[in-house]
Amino acid sequence: MLEMLQKVGALLQGHFLLSSGKHSSKYIQCAKIFEYPQYGDEVGRMIAQKILQHKPDIVIGPALGGIIVAYTVARNLNARAMFTEREDGVMKLRRGFQINEGERVAIVEDVTTTGKSVLEVAEVVKEFGGQICCIASIIDRSTQPLPFDVPFYSLLKLDLPIYEPESCPLCEQKVPIVKPGSRTQSKN
């Protein structure tokens, strides 16, 4: 997996504002994997193999990072693929997607740092009466135990530097910050 990330140029260095609000000198742009369909298909197969025993009816991910991941995993499991998206800052199920009471749902994401996006998706699934059976991510870059109450799987665990904004050495050095994620806005 690490070799694939390097090959497609998905490992970036700089000063990044993560979607969790934390800062880092390294960022994983998983979207670069899906620029090459053969790699995207491989990622979908690998995640599907890890979660197959949970027999999900639906694979769902948060927009934007989880959309293609959910699709490729669902295709490999013969499950339905869905995504949630934020509307006025609140994660919602839109576009006519429906989760039926009791359906087994796997939540997938590209990169998991704090689990915040996954928990937002989980709330939506629970509102519809879905049963979350597992969670999976391409990359686990968490530094603390993740707050999940179902099995969690990842294809790669990376220990990358993560800083609180108020104690970020890159901010102290006045290195310009870049916001490649989709949740928060950059503050300079």
# chains A, B, ... in the order shown; residues from 1 in each chain; ligands from 1

call {"tool": "residues_around", "arguments": {"residues": "Lys174 in chain A", "least_positions_apart": "3", "cutoff": "12 Å", "atoms": "only C-alpha atoms", "output": "PyMOL selection string"}}
result
chain A and resi 14-15+168-171+177+188

call {"tool": "closest_atom_pairs", "arguments": {"of": "range 23-136 of chain A", "to": "range 149-152 of chain A", "cutoff": "7 Å", "atoms": "only C-alpha atoms", "output": "CSV"}}
result
residue,atom,partner,partner_atom,distance
A:Cys133,CA,A:Val150,CA,6.4
A:Cys134,CA,A:Pro151,CA,5.0
A:Ile135,CA,A:Phe152,CA,4.8
A:Ala136,CA,A:Phe152,CA,5.5

call {"tool": "select_by_dssp", "arguments": {"residues": "range 11-129 of chain A", "states": "helix (DSSP H, G or I)", "output": "short mmCIF file (atom, residue, chain, number, x, y, z; two decimals) with N, CA and C atoms, in the first residue's frame"}}
result
data_model
loop_
_atom_site.label_atom_id
_atom_site.label_comp_id
_atom_site.auth_asym_id
_atom_site.auth_seq_id
_atom_site.Cartn_x
_atom_site.Cartn_y
_atom_site.Cartn_z
N CYS A 30 -5.33 10.61 -0.92
CA CYS A 30 -5.78 9.31 -1.44
C CYS A 30 -6.49 9.43 -2.77
N ALA A 31 -7.02 10.60 -3.10
CA ALA A 31 -7.68 10.77 -4.39
C ALA A 31 -6.73 10.43 -5.54
N LYS A 32 -5.43 10.61 -5.33
CA LYS A 32 -4.45 10.29 -6.37
C LYS A 32 -4.47 8.80 -6.72
N ILE A 33 -4.82 7.94 -5.77
CA ILE A 33 -4.93 6.50 -6.06
C ILE A 33 -5.97 6.27 -7.14
N PHE A 34 -7.10 6.96 -7.03
CA PHE A 34 -8.22 6.73 -7.92
C PHE A 34 -8.05 7.41 -9.27
N GLU A 35 -6.97 8.17 -9.42
CA GLU A 35 -6.62 8.71 -10.74
C GLU A 35 -6.24 7.55 -11.66
N PRO A 37 -7.40 3.87 -12.29
CA PRO A 37 -8.45 2.92 -11.95
C PRO A 37 -7.94 1.55 -11.49
N GLN A 38 -6.82 1.08 -12.04
CA GLN A 38 -6.33 -0.23 -11.61
C GLN A 38 -5.96 -0.21 -10.13
N TYR A 39 -5.42 0.91 -9.63
CA TYR A 39 -5.09 1.00 -8.21
C TYR A 39 -6.35 1.16 -7.36
N GLY A 40 -7.29 1.96 -7.85
CA GLY A 40 -8.56 2.11 -7.14
C GLY A 40 -9.29 0.79 -7.00
N ASP A 41 -9.30 0.02 -8.09
CA ASP A 41 -9.94 -1.30 -8.04
C ASP A 41 -9.24 -2.21 -7.04
N GLU A 42 -7.90 -2.14 -7.01
CA GLU A 42 -7.14 -2.96 -6.07
C GLU A 42 -7.46 -2.60 -4.62
N VAL A 43 -7.54 -1.30 -4.34
CA VAL A 43 -7.89 -0.84 -2.99
C VAL A 43 -9.28 -1.34 -2.61
N GLY A 44 -10.24 -1.24 -3.53
CA GLY A 44 -11.59 -1.73 -3.26
C GLY A 44 -11.61 -3.21 -2.95
N ARG A 45 -10.84 -3.99 -3.70
CA ARG A 45 -10.76 -5.44 -3.45
C ARG A 45 -10.14 -5.73 -2.09
N MET A 46 -9.07 -5.01 -1.75
CA MET A 46 -8.38 -5.27 -0.48
C MET A 46 -9.27 -4.94 0.72
N ILE A 47 -9.98 -3.81 0.67
CA ILE A 47 -10.88 -3.48 1.78
C ILE A 47 -12.03 -4.48 1.83
N ALA A 48 -12.58 -4.83 0.67
CA ALA A 48 -13.68 -5.80 0.63
C ALA A 48 -13.28 -7.12 1.26
N GLN A 49 -12.06 -7.57 1.02
CA GLN A 49 -11.59 -8.82 1.63
C GLN A 49 -11.56 -8.72 3.15
N LYS A 50 -11.16 -7.55 3.66
CA LYS A 50 -11.06 -7.37 5.11
C LYS A 50 -12.43 -7.37 5.79
N ILE A 51 -13.47 -6.87 5.10
CA ILE A 51 -14.77 -6.71 5.75
C ILE A 51 -15.82 -7.71 5.27
N LEU A 52 -15.45 -8.59 4.36
CA LEU A 52 -16.38 -9.56 3.78
C LEU A 52 -17.16 -10.33 4.84
N GLN A 53 -16.50 -10.75 5.93
CA GLN A 53 -17.17 -11.58 6.94
C GLN A 53 -18.32 -10.84 7.64
N HIS A 54 -18.37 -9.51 7.54
CA HIS A 54 -19.44 -8.74 8.18
C HIS A 54 -20.71 -8.66 7.32
N ILE A 67 -16.41 8.69 -1.20
CA ILE A 67 -17.35 8.36 -2.28
C ILE A 67 -16.82 7.22 -3.15
N ILE A 68 -15.64 7.40 -3.71
CA ILE A 68 -15.12 6.38 -4.62
C ILE A 68 -14.74 5.12 -3.85
N VAL A 69 -14.22 5.30 -2.64
CA VAL A 69 -13.87 4.14 -1.81
C VAL A 69 -15.13 3.30 -1.58
N ALA A 70 -16.23 3.93 -1.20
CA ALA A 70 -17.48 3.19 -0.96
C ALA A 70 -17.93 2.46 -2.22
N TYR A 71 -17.82 3.11 -3.35
CA TYR A 71 -18.24 2.50 -4.61
C TYR A 71 -17.40 1.27 -4.94
N THR A 72 -16.07 1.41 -4.86
CA THR A 72 -15.21 0.28 -5.25
C THR A 72 -15.34 -0.89 -4.28
N VAL A 73 -15.50 -0.60 -3.00
CA VAL A 73 -15.68 -1.67 -2.01
C VAL A 73 -17.04 -2.35 -2.24
N ALA A 74 -18.09 -1.56 -2.40
CA ALA A 74 -19.44 -2.12 -2.60
C ALA A 74 -19.48 -2.99 -3.84
N ARG A 75 -18.83 -2.56 -4.90
CA ARG A 75 -18.81 -3.34 -6.14
C ARG A 75 -18.21 -4.73 -5.89
N ASN A 76 -17.17 -4.77 -5.08
CA ASN A 76 -16.51 -6.04 -4.77
C ASN A 76 -17.32 -6.92 -3.82
N LEU A 77 -18.27 -6.34 -3.12
CA LEU A 77 -19.10 -7.10 -2.17
C LEU A 77 -20.52 -7.34 -2.68
N LYS A 116 -13.81 11.55 13.35
CA LYS A 116 -14.94 12.48 13.41
C LYS A 116 -15.90 12.32 12.23
N SER A 117 -15.37 12.25 11.02
CA SER A 117 -16.25 12.08 9.85
C SER A 117 -17.01 10.77 9.91
N VAL A 118 -16.32 9.70 10.32
CA VAL A 118 -16.96 8.39 10.43
C VAL A 118 -18.10 8.44 11.45
N LEU A 119 -17.87 9.09 12.58
CA LEU A 119 -18.93 9.20 13.59
C LEU A 119 -20.12 9.99 13.08
N GLU A 120 -19.87 11.01 12.25
CA GLU A 120 -20.97 11.77 11.66
C GLU A 120 -21.79 10.88 10.72
N VAL A 121 -21.10 10.06 9.92
CA VAL A 121 -21.80 9.12 9.03
C VAL A 121 -22.58 8.11 9.87
N ALA A 122 -21.97 7.63 10.95
CA ALA A 122 -22.63 6.65 11.82
C ALA A 122 -23.95 7.20 12.37
N GLU A 123 -23.97 8.46 12.74
CA GLU A 123 -25.21 9.07 13.24
C GLU A 123 -26.31 9.04 12.18
N VAL A 124 -25.93 9.33 10.93
CA VAL A 124 -26.91 9.30 9.84
C VAL A 124 -27.44 7.87 9.66
N VAL A 125 -26.54 6.89 9.66
CA VAL A 125 -26.95 5.49 9.50
C VAL A 125 -27.92 5.10 10.61
N LYS A 126 -27.61 5.47 11.84
CA LYS A 126 -28.47 5.13 12.98
C LYS A 126 -29.83 5.82 12.88
N GLU A 127 -29.87 7.06 12.38
CA GLU A 127 -31.14 7.77 12.22
C GLU A 127 -32.09 7.01 11.30
#

call {"tool": "atom_distance", "arguments": {"atom1": "CA of Ala10 in chain A", "atom2": "CA of Pro56 in chain A"}}
result
28.8 Å

call {"tool": "residues_around", "arguments": {"residues": "range 158-161 of chain A", "least_positions_apart": "6", "cutoff": "9 Å", "atoms": "only C-alpha atoms", "output": "list in words"}}
result
His23, Ser24, Ser25, Lys26, Tyr27, Ile139, Asp140, Arg141, Ser142 and Thr143 of chain A

call {"tool": "closest_residue", "arguments": {"among": "A:Thr114, A:Glu109, A:Leu146, A:Met82", "to": "Gly96 in chain A", "atoms": "only C-alpha atoms"}}
result
A:Met82

call {"tool": "closest_residue", "arguments": {"among": "A:Asp57, A:Arg94, A:Leu155, A:Leu2", "to": "Ile132 in chain A", "atoms": "only C-alpha atoms"}}
result
A:Asp57

call {"tool": "atom_distance", "arguments": {"atom1": "CA of Gln13 in chain A", "atom2": "CA of Ala63 in chain A"}}
result
23.6 Å
